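*Asks:* my_file07.cif (mmCIF, C-alpha atoms and all ligand atoms) pasted underneath:
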data_structure
#
loop_
_atom_site.label_atom_id
_atom_site.label_comp_id
_atom_site.auth_asym_id
_atom_site.auth_seq_id
_atom_site.Cartn_x
_atom_site.Cartn_y
_atom_site.Cartn_z
CA MET A 1 2.84 182.85 -112.72
CA HIS A 2 2.14 186.15 -114.50
CA ASP A 3 4.29 188.99 -113.08
CA SER A 4 1.31 191.22 -112.40
CA TRP A 5 0.18 188.85 -109.61
CA HIS A 6 3.51 189.47 -107.87
CA ASP A 7 2.69 193.17 -107.76
CA PHE A 8 -0.94 192.61 -106.79
CA PHE A 9 0.02 190.36 -103.85
CA ALA A 10 3.23 192.24 -103.02
CA GLU A 11 2.32 192.44 -99.32
CA SER A 12 2.44 188.64 -99.00
CA PRO A 13 5.70 187.76 -100.73
CA ASP A 14 6.36 184.50 -98.90
CA VAL A 15 3.09 182.84 -99.86
CA LEU A 16 3.74 183.28 -103.58
CA LYS A 17 4.92 180.45 -105.77
CA THR A 18 8.48 180.69 -107.07
CA ASP A 19 10.73 178.39 -109.08
CA ARG A 20 12.48 177.52 -105.86
CA ARG A 21 9.23 177.01 -103.97
CA PRO A 22 6.61 175.54 -106.32
CA GLN A 23 4.50 173.70 -103.72
CA THR A 24 4.29 173.28 -99.95
CA VAL A 25 3.34 169.85 -98.68
CA VAL A 26 1.89 169.79 -95.15
CA ARG A 27 2.57 166.47 -93.43
CA VAL A 28 0.53 165.19 -90.49
CA LEU A 29 0.34 161.58 -89.25
CA GLY A 30 1.46 160.19 -92.59
CA VAL A 31 -0.99 162.36 -94.56
CA GLU A 32 0.38 164.77 -97.15
CA ILE A 33 -1.75 167.81 -97.92
CA GLY A 34 -0.59 169.57 -101.08
CA GLY A 35 1.10 166.41 -102.38
CA ASP A 36 0.03 164.12 -105.18
CA GLU A 37 -2.79 162.49 -103.29
CA PHE A 38 -6.15 164.26 -102.97
CA VAL A 39 -7.05 164.44 -99.27
CA THR A 40 -10.57 164.44 -97.86
CA MET A 41 -11.21 165.84 -94.39
CA ALA A 42 -14.61 165.04 -92.93
CA GLY A 43 -16.56 165.00 -89.70
CA PRO A 44 -19.25 166.78 -87.77
CA CYS A 45 -19.51 170.54 -87.41
CA SER A 46 -19.33 170.10 -83.61
CA VAL A 47 -18.07 167.31 -81.42
CA GLU A 48 -21.25 166.30 -79.54
CA THR A 49 -20.93 162.86 -77.95
CA GLU A 50 -18.51 159.94 -77.99
CA ALA A 51 -20.97 157.80 -79.96
CA GLN A 52 -21.57 160.54 -82.55
CA LEU A 53 -17.88 161.26 -83.05
CA LEU A 54 -16.58 157.69 -83.12
CA ALA A 55 -19.29 156.46 -85.48
CA THR A 56 -18.53 159.35 -87.84
CA ALA A 57 -14.76 158.86 -87.61
CA HIS A 58 -14.95 155.14 -88.42
CA HIS A 59 -17.37 155.73 -91.24
CA VAL A 60 -15.46 158.52 -92.98
CA ARG A 61 -12.20 156.61 -92.65
CA ARG A 62 -13.71 153.57 -94.34
CA ALA A 63 -15.02 155.86 -97.08
CA GLY A 64 -11.52 157.23 -97.73
CA ALA A 65 -11.15 160.35 -95.55
CA ARG A 66 -7.69 160.93 -94.06
CA VAL A 67 -8.42 163.74 -91.60
CA LEU A 68 -11.25 164.06 -89.03
CA ARG A 69 -12.80 167.47 -88.47
CA GLY A 70 -14.94 168.49 -85.51
CA GLY A 71 -15.27 171.65 -83.44
CA ALA A 72 -14.71 171.53 -79.67
CA PHE A 73 -14.77 175.34 -79.49
CA LYS A 74 -17.55 176.74 -81.66
CA PRO A 75 -17.89 180.29 -82.95
CA ARG A 76 -21.65 180.86 -82.94
CA SER A 77 -23.70 183.77 -84.19
CA SER A 78 -25.98 183.56 -81.16
CA PRO A 79 -24.78 183.46 -77.54
CA TYR A 80 -27.63 181.00 -76.85
CA SER A 81 -26.40 178.41 -79.37
CA PHE A 82 -24.23 175.41 -78.40
CA GLN A 83 -20.69 176.70 -77.74
CA GLY A 84 -18.81 173.38 -77.93
CA LEU A 85 -17.61 170.82 -75.38
CA GLY A 86 -14.18 172.44 -74.93
CA ARG A 87 -11.54 170.15 -73.40
CA GLU A 88 -13.98 167.19 -73.28
CA GLY A 89 -14.42 167.55 -77.03
CA LEU A 90 -10.66 167.56 -77.57
CA LYS A 91 -10.37 164.35 -75.55
CA LEU A 92 -12.99 162.71 -77.74
CA LEU A 93 -11.09 163.79 -80.86
CA ASP A 94 -7.95 162.24 -79.37
CA LYS A 95 -9.83 159.01 -78.76
CA ALA A 96 -11.13 159.00 -82.35
CA ARG A 97 -7.57 159.52 -83.62
CA ARG A 98 -6.29 156.59 -81.54
CA GLU A 99 -9.10 154.32 -82.79
CA THR A 100 -8.94 155.26 -86.48
CA GLY A 101 -5.51 156.74 -87.19
CA LEU A 102 -7.17 159.80 -88.71
CA ALA A 103 -5.38 163.12 -88.15
CA ILE A 104 -7.39 165.78 -86.32
CA VAL A 105 -8.28 169.30 -87.43
CA THR A 106 -10.17 171.45 -84.93
CA GLU A 107 -10.76 175.15 -84.43
CA VAL A 108 -8.96 177.34 -81.93
CA MET A 109 -10.87 180.52 -81.18
CA SER A 110 -8.69 182.39 -78.75
CA GLU A 111 -5.07 183.01 -78.08
CA ASP A 112 -5.50 181.66 -74.54
CA ASP A 113 -6.72 178.30 -75.86
CA VAL A 114 -3.82 177.75 -78.25
CA PRO A 115 -1.66 175.61 -75.90
CA LEU A 116 -4.63 173.39 -74.99
CA VAL A 117 -5.91 172.90 -78.54
CA ALA A 118 -2.38 172.43 -79.92
CA GLU A 119 -1.84 169.62 -77.40
CA TYR A 120 -4.65 167.61 -79.04
CA ALA A 121 -4.94 168.79 -82.65
CA ASP A 122 -2.73 167.81 -85.57
CA ILE A 123 -3.94 170.89 -87.48
CA LEU A 124 -5.27 174.10 -85.91
CA GLN A 125 -8.24 175.62 -87.70
CA ILE A 126 -8.56 179.41 -87.71
CA GLY A 127 -12.21 180.17 -88.38
CA SER A 128 -13.62 182.73 -90.79
CA ARG A 129 -14.58 185.06 -87.98
CA ASN A 130 -10.97 185.12 -86.82
CA MET A 131 -9.08 185.28 -90.11
CA GLU A 132 -7.81 188.76 -89.31
CA ASN A 133 -7.28 188.20 -85.57
CA PHE A 134 -3.54 188.72 -85.78
CA THR A 135 -2.78 188.00 -82.11
CA LEU A 136 -4.52 184.63 -82.51
CA LEU A 137 -2.71 183.97 -85.81
CA GLU A 138 0.62 184.73 -84.18
CA ALA A 139 -0.02 182.48 -81.18
CA ALA A 140 -1.32 179.68 -83.39
CA ALA A 141 1.68 180.02 -85.71
CA ARG A 142 4.09 179.80 -82.80
CA SER A 143 2.51 176.57 -81.53
CA GLY A 144 4.27 174.89 -84.47
CA ARG A 145 1.11 173.04 -85.54
CA PRO A 146 0.01 173.35 -89.18
CA ILE A 147 -2.70 176.00 -89.64
CA LEU A 148 -5.88 175.59 -91.68
CA LEU A 149 -6.77 179.21 -92.42
CA LYS A 150 -10.40 179.79 -93.37
CA ARG A 151 -11.19 182.74 -95.58
CA GLY A 152 -13.12 185.46 -93.77
CA MET A 153 -16.65 185.86 -95.03
CA VAL A 154 -15.90 189.39 -96.24
CA ALA A 155 -12.19 188.90 -96.90
CA THR A 156 -10.60 189.34 -100.30
CA ILE A 157 -8.03 186.86 -101.59
CA ALA A 158 -5.33 189.45 -100.83
CA ASP A 159 -6.64 189.74 -97.24
CA MET A 160 -6.42 185.96 -96.81
CA LEU A 161 -2.90 185.88 -98.20
CA ARG A 162 -1.86 188.66 -95.78
CA SER A 163 -3.09 186.50 -92.91
CA ALA A 164 -1.17 183.52 -94.31
CA GLN A 165 1.89 185.74 -94.58
CA CYS A 166 1.51 186.55 -90.87
CA VAL A 167 1.70 182.83 -90.01
CA LEU A 168 4.75 182.30 -92.24
CA ALA A 169 6.42 185.41 -90.81
CA ASN A 170 6.00 183.90 -87.35
CA GLY A 171 8.12 180.93 -88.29
CA ASN A 172 5.42 178.46 -89.31
CA PRO A 173 5.62 177.33 -92.96
CA ASN A 174 2.65 174.94 -92.76
CA VAL A 175 -0.44 176.85 -93.82
CA ILE A 176 -3.42 175.40 -95.67
CA LEU A 177 -5.68 177.99 -97.34
CA CYS A 178 -9.43 177.32 -97.11
CA GLU A 179 -12.08 178.70 -99.45
CA ARG A 180 -15.41 178.37 -97.62
CA GLY A 181 -17.61 180.85 -99.48
CA ILE A 182 -18.00 184.58 -99.07
CA ARG A 183 -20.92 186.93 -98.39
CA THR A 184 -22.54 188.42 -101.44
CA PHE A 185 -26.04 189.76 -102.22
CA GLU A 186 -27.14 186.15 -102.84
CA THR A 187 -29.13 184.65 -99.97
CA ALA A 188 -30.43 181.39 -101.47
CA THR A 189 -27.11 179.79 -100.58
CA ARG A 190 -25.45 180.41 -97.19
CA ASN A 191 -22.40 181.92 -98.89
CA THR A 192 -21.18 182.28 -102.46
CA PHE A 193 -18.61 179.62 -103.29
CA ASP A 194 -15.71 181.48 -104.89
CA VAL A 195 -14.36 178.86 -107.24
CA ALA A 196 -12.17 181.45 -109.00
CA ALA A 197 -10.38 181.94 -105.69
CA ILE A 198 -9.43 178.25 -105.69
CA ALA A 199 -8.09 178.41 -109.25
CA LEU A 200 -6.26 181.67 -108.54
CA LEU A 201 -4.74 180.49 -105.25
CA LYS A 202 -3.48 177.34 -106.97
CA GLN A 203 -1.78 179.51 -109.60
CA VAL A 204 -0.22 182.13 -107.37
CA SER A 205 0.56 180.36 -104.10
CA HIS A 206 2.65 177.35 -103.13
CA LEU A 207 0.37 176.73 -100.13
CA PRO A 208 -2.10 173.82 -100.28
CA VAL A 209 -5.73 174.79 -100.91
CA VAL A 210 -8.69 173.10 -99.25
CA ALA A 211 -12.31 173.73 -100.25
CA ASP A 212 -15.22 173.68 -97.80
CA PRO A 213 -18.38 173.07 -99.83
CA SER A 214 -20.49 172.66 -96.66
CA HIS A 215 -20.20 176.21 -95.32
CA ALA A 216 -20.23 177.60 -98.87
CA ALA A 217 -23.53 175.90 -99.74
CA GLY A 218 -25.41 175.86 -96.47
CA HIS A 219 -27.67 173.19 -98.00
CA ARG A 220 -26.62 169.55 -98.02
CA GLU A 221 -28.06 168.78 -101.46
CA LEU A 222 -25.59 171.26 -103.02
CA VAL A 223 -22.49 169.91 -101.27
CA PRO A 224 -21.53 167.08 -103.69
CA ALA A 225 -21.68 169.34 -106.77
CA LEU A 226 -19.55 172.02 -105.08
CA ALA A 227 -17.10 169.32 -104.01
CA ARG A 228 -16.73 168.11 -107.62
CA ILE A 229 -16.24 171.69 -108.82
CA ALA A 230 -13.51 172.21 -106.20
CA VAL A 231 -11.62 169.15 -107.44
CA ALA A 232 -11.99 170.34 -111.03
CA ALA A 233 -10.56 173.73 -109.97
CA GLU A 234 -7.54 171.78 -108.65
CA ALA A 235 -8.02 172.11 -104.93
CA ASP A 236 -5.68 169.82 -102.97
CA SER A 237 -8.25 168.83 -100.41
CA LEU A 238 -11.87 169.01 -99.25
CA ILE A 239 -13.31 169.57 -95.78
CA VAL A 240 -16.89 168.34 -95.48
CA GLU A 241 -19.42 168.15 -92.64
CA VAL A 242 -20.75 164.64 -91.95
CA HIS A 243 -22.97 163.41 -89.09
CA PRO A 244 -24.80 160.12 -88.32
CA ASN A 245 -28.10 162.01 -88.14
CA PRO A 246 -27.77 165.52 -89.60
CA ASN A 247 -31.32 166.51 -88.68
CA LYS A 248 -30.38 166.04 -85.03
CA ALA A 249 -26.99 167.80 -85.28
CA TRP A 250 -26.31 170.47 -82.64
CA SER A 251 -24.93 172.84 -85.29
CA ASP A 252 -25.02 173.23 -89.10
CA GLY A 253 -27.30 170.19 -89.65
CA GLU A 254 -28.90 171.63 -92.78
CA GLN A 255 -25.56 171.58 -94.64
CA THR A 256 -24.35 168.26 -93.21
CA LEU A 257 -24.24 164.96 -95.13
CA ASP A 258 -25.36 161.68 -93.61
CA PHE A 259 -23.20 158.58 -94.11
CA SER A 260 -24.83 157.38 -97.30
CA ALA A 261 -24.75 160.85 -98.88
CA PHE A 262 -21.06 161.07 -97.97
CA ASP A 263 -20.40 157.70 -99.61
CA ALA A 264 -22.24 158.79 -102.74
CA MET A 265 -20.25 162.03 -102.86
CA MET A 266 -16.96 160.15 -102.48
CA ALA A 267 -17.91 157.80 -105.32
CA SER A 268 -18.91 160.70 -107.56
CA LEU A 269 -15.56 162.43 -106.93
CA LYS A 270 -13.48 159.51 -108.22
CA PRO A 271 -13.37 160.44 -111.92
CA TYR A 272 -12.67 164.08 -111.02
CA ILE A 273 -9.78 163.06 -108.78
CA ALA A 274 -8.37 160.88 -111.58
CA LEU A 275 -8.56 163.83 -114.01
CA ARG A 276 -6.83 166.03 -111.46
CA ALA A 277 -3.97 163.52 -111.19
CA ASP A 278 -3.61 163.44 -115.00
CA HIS A 279 -3.56 167.21 -115.11
CA LEU A 280 -0.93 167.43 -112.34
CA ALA A 281 1.30 165.00 -114.23
CA LEU A 282 0.89 167.02 -117.43
CA SER A 283 1.70 170.36 -115.82
CA ARG A 284 4.73 168.80 -114.14
CA ALA A 285 5.97 167.53 -117.51
CA ASP A 286 5.43 171.04 -118.95
CA ALA A 287 7.42 172.64 -116.14
CA LEU A 288 10.24 170.15 -116.71
CA MET A 289 10.31 170.90 -120.46
CA GLU A 290 10.47 174.60 -119.67
CA ALA A 291 13.31 174.08 -117.18
CA VAL A 292 15.45 172.11 -119.62
CA GLY A 293 14.63 174.72 -122.30
C1 LIG A 301 -16.74 175.30 -89.09
O1 LIG A 301 -15.81 174.83 -89.76
O2 LIG A 301 -17.60 174.61 -88.49
C2 LIG A 301 -16.91 176.78 -89.08
C3 LIG A 301 -17.45 177.41 -88.05
O3 LIG A 301 -16.48 177.35 -90.24
P1 LIG A 301 -16.31 178.88 -90.68
O4 LIG A 301 -15.29 179.47 -89.74
O5 LIG A 301 -15.82 178.75 -92.09
O6 LIG A 301 -17.66 179.54 -90.57
MN MN A 302 -19.95 174.18 -89.23
#
Show me, as structure tokens, the structure contained in the file I just sent.

*Replies:*
Amino acid sequence: MHDSWHDFFAESPDVLKTDRRPQTVVRVLGVEIGGDEFVTMAGPCSVETEAQLLATAHHVRRAGARVLRGGAFKPRSSPYSFQGLGREGLKLLDKARRETGLAIVTEVMSEDDVPLVAEYADILQIGSRNMENFTLLEAAARSGRPILLKRGMVATIADMLRSAQCVLANGNPNVILCERGIRTFETATRNTFDVAAIALLKQVSHLPVVADPSHAAGHRELVPALARIAVAAEADSLIVEVHPNPNKAWSDGEQTLDFSAFDAMMASLKPYIALRADHLALSRADALMEAVG
């Protein structure tokens, strides 16, 4: 890594890559995020019903996903929108995990909910709206569960790394950084997918990077292309919204893939994932050559 990045991100020293700490691998239920294998996380925006969740879980597992996403506590822009099933949603996620073996990632929105959500989730998601909620970050960190930290919609890369530093400083080394698009003057897409952030994070940080093309795009027809771009930028993982009937979804339907669109996306990713593996092997060989001089 170029020295100037060390100065630029000086407030987050522990998240930066070093010779001693080239890459963090987050392990949950036999899945390694940040390891050699590319990991797909998929599932509905919100947990709605048992039938919806289980059908989605079985489908995405068959298509190659390793982690099931789904919100039981939903941060919504309107107080009149669906707020999530709460504990009932967590129980459905647990059932889906038992039936499919998929690990579970789900959002925790408040400090008070951390013990409950941590009891059910394999990975705690901190949402964009809470990226700088340091009391929540501290409580989530101390639960011991890995943290999927979503970039705030108006957060810089340095802001995100400061939040990651807060988790590490509270004794939790397992942080996954999530690029999910940021607010810009562009309104045709829901957010602006910051692909440079993915490339930069992979260069400067040892933490695994996951890309969320669904919230970045806001439109389902854009999701597969953004997913391919994320793999090409060397993200370790993807998190994608999938639902049996997106037009009937209780939240974020317009950006959600149905089963066949998810299958098509997974198939289209294959050559990109193969290239990523080649590139990883090459850069590892380079690092070895450098080490032996
Ligand atoms: C979500 O993952 O459904 C979500 C609410 O994401 P974000 O916090 O990135 O808006
Ligand atoms: Mn969503």

*Asks:* Counting all atoms listed in the file, which residues of chain A fall within 12 Å of ligand MN 302 (chain A), and what is the closest atom pair for each with its distance in Å at one decimal, ordered by chain and rising number, as a Markdown table?

*Replies:*
| residue | atom | partner | partner_atom | distance |
| --- | --- | --- | --- | --- |
| A:Ala42 | CA | A:MN302 | MN | 11.2 |
| A:Gly43 | CA | A:MN302 | MN | 9.8 |
| A:Pro44 | CA | A:MN302 | MN | 7.6 |
| A:Cys45 | CA | A:MN302 | MN | 4.1 |
| A:Ser46 | CA | A:MN302 | MN | 7.0 |
| A:Val47 | CA | A:MN302 | MN | 10.6 |
| A:Arg69 | CA | A:MN302 | MN | 9.8 |
| A:Gly70 | CA | A:MN302 | MN | 8.4 |
| A:Gly71 | CA | A:MN302 | MN | 7.9 |
| A:Ala72 | CA | A:MN302 | MN | 11.2 |
| A:Phe73 | CA | A:MN302 | MN | 11.1 |
| A:Lys74 | CA | A:MN302 | MN | 8.3 |
| A:Pro75 | CA | A:MN302 | MN | 9.0 |
| A:Arg76 | CA | A:MN302 | MN | 9.3 |
| A:Ser77 | CA | A:MN302 | MN | 11.5 |
| A:Phe82 | CA | A:MN302 | MN | 11.7 |
| A:Gln83 | CA | A:MN302 | MN | 11.8 |
| A:Gly84 | CA | A:MN302 | MN | 11.4 |
| A:Thr106 | CA | A:MN302 | MN | 11.0 |
| A:Glu107 | CA | A:MN302 | MN | 10.4 |
| A:Gln125 | CA | A:MN302 | MN | 11.9 |
| A:Gly127 | CA | A:MN302 | MN | 9.8 |
| A:Ser128 | CA | A:MN302 | MN | 10.8 |
| A:Lys150 | CA | A:MN302 | MN | 11.8 |
| A:Arg180 | CA | A:MN302 | MN | 10.4 |
| A:Arg190 | CA | A:MN302 | MN | 11.5 |
| A:Asp212 | CA | A:MN302 | MN | 9.8 |
| A:Pro213 | CA | A:MN302 | MN | 10.8 |
| A:Ser214 | CA | A:MN302 | MN | 7.6 |
| A:His215 | CA | A:MN302 | MN | 6.4 |
| A:Ala216 | CA | A:MN302 | MN | 10.2 |
| A:Ala217 | CA | A:MN302 | MN | 11.2 |
| A:Gly218 | CA | A:MN302 | MN | 9.2 |
| A:His219 | CA | A:MN302 | MN | 11.7 |
| A:Arg220 | CA | A:MN302 | MN | 12.0 |
| A:Ile239 | CA | A:MN302 | MN | 10.4 |
| A:Val240 | CA | A:MN302 | MN | 9.1 |
| A:Glu241 | CA | A:MN302 | MN | 6.9 |
| A:Val242 | CA | A:MN302 | MN | 10.0 |
| A:His243 | CA | A:MN302 | MN | 11.2 |
| A:Pro246 | CA | A:MN302 | MN | 11.7 |
| A:Ala249 | CA | A:MN302 | MN | 10.3 |
| A:Trp250 | CA | A:MN302 | MN | 9.9 |
| A:Ser251 | CA | A:MN302 | MN | 6.5 |
| A:Asp252 | CA | A:MN302 | MN | 5.2 |
| A:Gly253 | CA | A:MN302 | MN | 8.4 |
| A:Glu254 | CA | A:MN302 | MN | 10.0 |
| A:Gln255 | CA | A:MN302 | MN | 8.2 |
| A:Thr256 | CA | A:MN302 | MN | 8.4 |
| A:Leu257 | CA | A:MN302 | MN | 11.8 |

*Asks:* For ligand LIG 301 (chain A), which residue out of A:Ile182, A:Ile176, A:Val31, A:Ala55 is the nearest one, using only C-alpha atoms and all ligand atoms?

*Replies:*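 For ligand LIG 301 (chain A), the nearest of the candidates is A:Ile182.
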
*Asks:* CA of Ala225 (chain A) and CA of Met265 (chain A) are how many Å apart?

*Replies:*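 Calculated distance between CA of Ala225 (chain A) and CA of Met265 (chain A) is 8.4 Å.
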
*Asks:* Excluding region 96-100 of chain A and its own-chain neighbours fewer than 4 positions away, which residues fall within 8 Å of it when counting only C-alpha atoms? Please give them as a PDB file with C-alpha atoms, in the frame of the given file.

*Replies:*
ATOM      1  CA  LEU A  53     -17.880 161.260 -83.050  1.00  0.00           C
ATOM      2  CA  LEU A  54     -16.580 157.690 -83.120  1.00  0.00           C
ATOM      3  CA  ALA A  57     -14.760 158.860 -87.610  1.00  0.00           C
ATOM      4  CA  HIS A  58     -14.950 155.140 -88.420  1.00  0.00           C
ATOM      5  CA  ARG A  61     -12.200 156.610 -92.650  1.00  0.00           C
ATOM      6  CA  LEU A  68     -11.250 164.060 -89.030  1.00  0.00           C
ATOM      7  CA  LEU A  92     -12.990 162.710 -77.740  1.00  0.00           C
ATOM      8  CA  ILE A 104      -7.390 165.780 -86.320  1.00  0.00           C
TER       9      ILE A 104
END

*Asks:* Scan for residues within 10 Å of the point (-5.1, 164.0, -109.6) in the coordinates of the file, using only C-alpha atoms, and reply as a compact mmCIF listing (two decimals) with C-alpha atoms, in the coordinates of the input.

*Replies:*
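Heads up, here's the output in result.txt:
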# COMPACT_ATOMS: atom_id res chain seq x y z
CA GLY A 35 1.10 166.41 -102.38
CA ASP A 36 0.03 164.12 -105.18
CA GLU A 37 -2.79 162.49 -103.29
CA PHE A 38 -6.15 164.26 -102.97
CA VAL A 231 -11.62 169.15 -107.44
CA ALA A 232 -11.99 170.34 -111.03
CA GLU A 234 -7.54 171.78 -108.65
CA ALA A 235 -8.02 172.11 -104.93
CA ASP A 236 -5.68 169.82 -102.97
CA LYS A 270 -13.48 159.51 -108.22
CA PRO A 271 -13.37 160.44 -111.92
CA TYR A 272 -12.67 164.08 -111.02
CA ILE A 273 -9.78 163.06 -108.78
CA ALA A 274 -8.37 160.88 -111.58
CA LEU A 275 -8.56 163.83 -114.01
CA ARG A 276 -6.83 166.03 -111.46
CA ALA A 277 -3.97 163.52 -111.19
CA ASP A 278 -3.61 163.44 -115.00
CA HIS A 279 -3.56 167.21 -115.11
CA LEU A 280 -0.93 167.43 -112.34
CA ALA A 281 1.30 165.00 -114.23

*Asks:* Go ahead and compute the interatomic distance for CA of Ile157 (chain A) and CA of Val25 (chain A), in Å to one decimal.

*Replies:* 20.7 Å

*Asks:* Grab the CA of Pro146 (chain A) to CA of Ser81 (chain A) distance for me, in Å with one decimal place.

*Replies:*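 Interatomic distance here is 28.6 Å.
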
*Asks:* Select, from A:Asn130, A:Gln203, A:Ser283, A:Ser143, the residue with the minimum atom-to-atom distance to ligand LIG 301 (chain A), counting all atoms listed in the file.

*Replies:*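 Between A:Asn130, A:Gln203, A:Ser283, A:Ser143, the residue approaching ligand LIG 301 (chain A) most closely is A:Asn130.
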
*Asks:* Point out the residue among A:Ala118, A:Val210, A:Val26, A:Leu201 with the least atom-to-atom distance to ligand LIG 301 (chain A), counting only C-alpha atoms and all ligand atoms.

*Replies:*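 So, comparing all the options, the nearest one is A:Val210.
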
*Asks:* Have a look at A:Val167, A:Ile126, A:Ala158, A:Leu137 and name the one nearest to ligand LIG 301 (chain A); count all atoms listed in the file.

*Replies:*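 Comparing A:Val167, A:Ile126, A:Ala158, A:Leu137 against ligand LIG 301 (chain A), the winner is A:Ile126.
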
*Asks:* List the spatial neighbours of Met1 (chain A) as a list in words - criterion: any atom at most 9 Å away, only C-alpha atoms, same-chain residues fewer than 5 positions off excluded.

*Replies:*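 Answer for this query is His6, Lys17, Thr18, Gln203 and Val204 of chain A.
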
*Asks:* Using all atoms listed in the file, which residues sit within 12 Å of region 164-166 of chain A once same-chain residues fewer than 3 positions away are excluded, as an mmCIF file with C-alpha atoms, keeping the file's coordinate frame?

*Replies:*
data_model
loop_
_atom_site.group_PDB
_atom_site.id
_atom_site.type_symbol
_atom_site.label_atom_id
_atom_site.label_comp_id
_atom_site.auth_asym_id
_atom_site.auth_seq_id
_atom_site.Cartn_x
_atom_site.Cartn_y
_atom_site.Cartn_z
ATOM 1 C CA PHE A 9 0.020 190.360 -103.850
ATOM 2 C CA ALA A 10 3.230 192.240 -103.020
ATOM 3 C CA GLU A 11 2.320 192.440 -99.320
ATOM 4 C CA SER A 12 2.440 188.640 -99.000
ATOM 5 C CA PRO A 13 5.700 187.760 -100.730
ATOM 6 C CA ASP A 14 6.360 184.500 -98.900
ATOM 7 C CA VAL A 15 3.090 182.840 -99.860
ATOM 8 C CA LEU A 16 3.740 183.280 -103.580
ATOM 9 C CA ILE A 126 -8.560 179.410 -87.710
ATOM 10 C CA MET A 131 -9.080 185.280 -90.110
ATOM 11 C CA GLU A 132 -7.810 188.760 -89.310
ATOM 12 C CA ASN A 133 -7.280 188.200 -85.570
ATOM 13 C CA PHE A 134 -3.540 188.720 -85.780
ATOM 14 C CA THR A 135 -2.780 188.000 -82.110
ATOM 15 C CA LEU A 136 -4.520 184.630 -82.510
ATOM 16 C CA LEU A 137 -2.710 183.970 -85.810
ATOM 17 C CA GLU A 138 0.620 184.730 -84.180
ATOM 18 C CA ALA A 139 -0.020 182.480 -81.180
ATOM 19 C CA ALA A 140 -1.320 179.680 -83.390
ATOM 20 C CA ALA A 141 1.680 180.020 -85.710
ATOM 21 C CA ARG A 142 4.090 179.800 -82.800
ATOM 22 C CA PRO A 146 0.010 173.350 -89.180
ATOM 23 C CA ILE A 147 -2.700 176.000 -89.640
ATOM 24 C CA LEU A 148 -5.880 175.590 -91.680
ATOM 25 C CA LEU A 149 -6.770 179.210 -92.420
ATOM 26 C CA LYS A 150 -10.400 179.790 -93.370
ATOM 27 C CA ARG A 151 -11.190 182.740 -95.580
ATOM 28 C CA ILE A 157 -8.030 186.860 -101.590
ATOM 29 C CA ALA A 158 -5.330 189.450 -100.830
ATOM 30 C CA ASP A 159 -6.640 189.740 -97.240
ATOM 31 C CA MET A 160 -6.420 185.960 -96.810
ATOM 32 C CA LEU A 161 -2.900 185.880 -98.200
ATOM 33 C CA ALA A 169 6.420 185.410 -90.810
ATOM 34 C CA ASN A 170 6.000 183.900 -87.350
ATOM 35 C CA GLY A 171 8.120 180.930 -88.290
ATOM 36 C CA ASN A 172 5.420 178.460 -89.310
ATOM 37 C CA PRO A 173 5.620 177.330 -92.960
ATOM 38 C CA ASN A 174 2.650 174.940 -92.760
ATOM 39 C CA VAL A 175 -0.440 176.850 -93.820
ATOM 40 C CA ILE A 176 -3.420 175.400 -95.670
ATOM 41 C CA LEU A 177 -5.680 177.990 -97.340
ATOM 42 C CA CYS A 178 -9.430 177.320 -97.110
ATOM 43 C CA LEU A 201 -4.740 180.490 -105.250
ATOM 44 C CA SER A 205 0.560 180.360 -104.100
ATOM 45 C CA HIS A 206 2.650 177.350 -103.130
ATOM 46 C CA LEU A 207 0.370 176.730 -100.130
ATOM 47 C CA PRO A 208 -2.100 173.820 -100.280
ATOM 48 C CA VAL A 209 -5.730 174.790 -100.910
#

*Asks:* Give, as lines of an AutoDock Vina configuration file, the centre coordinates and the x, y and z edge lengths in Å to one decimal for an axis-aligned box around all listed atoms of ligand LIG 301 (chain A), padded by 6 Å on each side.

*Replies:*
center_x = -16.5
center_y = 177.1
center_z = -90.1
size_x = 14.4
size_y = 16.9
size_z = 16.0
